[in-house]
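Scroll down for the structure; my scribbles are underneath it.
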Amino acid sequence: MSKPFVFEKPLGMRDVLPDLVKQKQQVVQTIQRVFERWGYAQIETPTLEYFDTVGGVSPTIEKKMFKLLDRSGRTLVLRPDFTAPIARVVSSILKEEPFPIRLSYQGHVYRAQEKEAGRNAEFPEVGIELIGEEAPDADAEVIALAIEAVQAVEIPSFKLAIGHIGLLNALFAEVMDEARAKTLRACLHQKDYVGYRTQVEKGPFTDGEKALLLSLLYWRGDMIQLQQAKEAVSGTKVKQAFHELEELWTCLELYGVTSHLLFDLSLLSHRAYYTGVFFEIYASGLGFPLGSGGRYDHLVGQFGRPAPATGFTLKVDRIIETSRLSLPAQPRRVLITYTSREREQAVHLARERRQKGEQVTLHRLAEDSGELKEAARRFDEWVRLEQGGGAV
């Protein structure tokens with residue numbers, strides 16, 4: 001194994017410089033204030049989790065997890081997502097807390113990338129989980145909250161697309177075996193609609209079944225399109241899923257957010273734990289979703305406390321790419337330079353100026369230099385005590 005270069009970072013990791021750090025902090029703090037107004041309490045979970053506890057139920061495939069061993073030889077993973085750790089907490093530390101439980105989070109998750117992918121392996125995320133509340137009211141609350149959070153960080157134009165995992169699963173189960181359904185689901189998740197059509201056309205389906213499966217690609221739009229799609233199906237479970245979407249829309253009308261919504265019944269997640277309503281948020285000009293979420297009614301039960309649940313996560317890096325959120329006004333930046341004789345005066349002056357809200361940097365000089373003068377240009381004021389005080 002070759003030794004890394006002196007400046008080389010692990011694959012997919014990156015350094016974040018001060019200006020971008022400020023942007024990230026501003027985005028996360030703005031979103032967290034929205035969560036707090038809706039009654040969500042912030043929680044922190046460990047960066048390291050046991051693979052047998054959290055890794056085994058995480059939707060992240062095992063080969064993308066970062067693994068290491070503790071001193072006892074037990075396998076640990078860097079947190080691949082937040083939902084599974086929070087489900088663990090709800091079923092253990094918070095097991096006496098009555099439902100519903102509303103929690104928010106912020107932090108980094110870690111998923112390894114292939115060498116040729118050129119993508120990050122460390123992702124800052126912020127999101128919420130609503131555990132112990134049934135649909136459709138909980139689904140509506142989560143979707144409306146996601147929209148308000150995105151509005152708060154001033155995304156100029158976005159849409160939230162709503163699908164239903166249970167609808168797709170029920171529809172596929174009526175006309176094909178699970179192996180073929182898995183192939184079609186993979187095509188939909190990858191947005192490979194050409195591959196999906198090819199699989200349907202060559203599959204052992206009747207003409208009516210092929211027409212129905214192909215029409216799934218066009219079940220996209222508002223309530224009118226949803227009702228037209230409902231008329232094309234007959235299965236009980238499929239009809240029930242349509243009924244849930246209609247109820248959801250009725251609830252969302254009360255929140256006044258339907259102008260940001262559209263139905264996309266071909267929408268599918270790679271996360272196997274989703275069971276019902278699923279959604280993704282898209283901004284104009286951005287090729288990847290800002291965030292996603294939905295209902296997962298079986299995950300919490302894997303930790304011994306069965307409960308319905310729903311939630312969403314927002315990708316901080318992607319929000320920064322399209323957000324028009326302005327950073328707050330920066331405090332006045334002051335540089336105070338001094339020699340050893342003015343040290344006491346410099347420290348006292350810095351304290352006074354900081355108490356006024358200014359950002360003060362102290363720098364002891366051996367002698368004045370052109371290089372320092374160049375660096376001082378980054379400041380709003382330069383106080384040079386070695387010259388008896390003054391400003392540049």
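By convention here, the chains of the structure tokens are called A, B, ... in the order presented, each chain's residues are numbered starting at 1, and ligands are numbered starting at 1 in the order presented.
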
Cut-off 9 Å: closest region 174-275 of chain A/region 295-302 of chain A atom pairs per residue, using only C-alpha atoms, as CSV:
```
residue,atom,partner,partner_atom,distance
A:Tyr273,CA,A:Tyr296,CA,5.6
A:Tyr274,CA,A:Tyr296,CA,4.4
A:Thr275,CA,A:Tyr296,CA,5.1
```

With a distance cut-off of 12 Å and only C-alpha atoms, select the neighbouring residues of region 35-43 of chain A, excluding the residue or stretch itself and same-chain residues fewer than 6 positions from it, and output the selection as number ranges by chain. A: 28-29, 82-83, 85-87, 89-90, 93-94, 100-107, 126-131, 141-142, 144-150, 152, 311-312

For region 57-73 of chain A, work out the shell of residues within 7 Å, counting only C-alpha atoms and skipping chain neighbours fewer than 6 positions away, then give it as an MDAnalysis selection string. chainID A and resid 80 84 111:113 271:273

Restricted to C-alpha atoms, what would the selected residues look like written as an mmCIF file, in the first residue's frame?
```cif
data_model
loop_
_atom_site.group_PDB
_atom_site.id
_atom_site.type_symbol
_atom_site.label_atom_id
_atom_site.label_comp_id
_atom_site.auth_asym_id
_atom_site.auth_seq_id
_atom_site.Cartn_x
_atom_site.Cartn_y
_atom_site.Cartn_z
ATOM 1 C CA PRO A 80 -24.056 6.504 7.617
ATOM 2 C CA ALA A 84 -31.410 4.688 12.360
ATOM 3 C CA ARG A 111 -20.657 7.129 2.922
ATOM 4 C CA ALA A 112 -17.678 5.861 0.929
ATOM 5 C CA GLN A 113 -17.460 6.568 -2.792
ATOM 6 C CA ARG A 271 -33.720 3.442 1.174
ATOM 7 C CA ALA A 272 -35.599 0.245 1.767
ATOM 8 C CA TYR A 273 -37.223 1.331 5.016
#
```

So that I can check the surroundings of Gly195 (chain A), please list as an NGL selection string every protein, DNA and RNA residue that reaches within 12 Å of it, counting only C-alpha atoms and ignoring chain neighbours fewer than 4 positions away. :A and (183-191 or 199-202 or 214)

Kindly give the distance, in Å, that separates CA of Glu174 (chain A) and CA of Leu212 (chain A), rounded to a single decimal. 11.4 Å

So which residues touch Leu325 (chain A) within 12 Å, counting only C-alpha atoms, skipping near sequence neighbours fewer than 6 positions away, as a list of chain:residue names? A:Lys22, A:Gln23, A:Lys24, A:Gln25, A:Gln26, A:Val27, A:Val28, A:Gln29, A:Thr30, A:Ile31, A:Val150, A:Gln151, A:Ala152, A:Val153, A:Glu154, A:Ile155, A:Pro156, A:Ile319

To test your reading of the structure, identify every residue in region 8-151 of chain A that backbone DSSP assigns to strand (DSSP E), and report it as a VMD selection string. chain A and resid 41 to 42 48 to 50 67 to 69 75 to 78 101 to 110 122 to 131
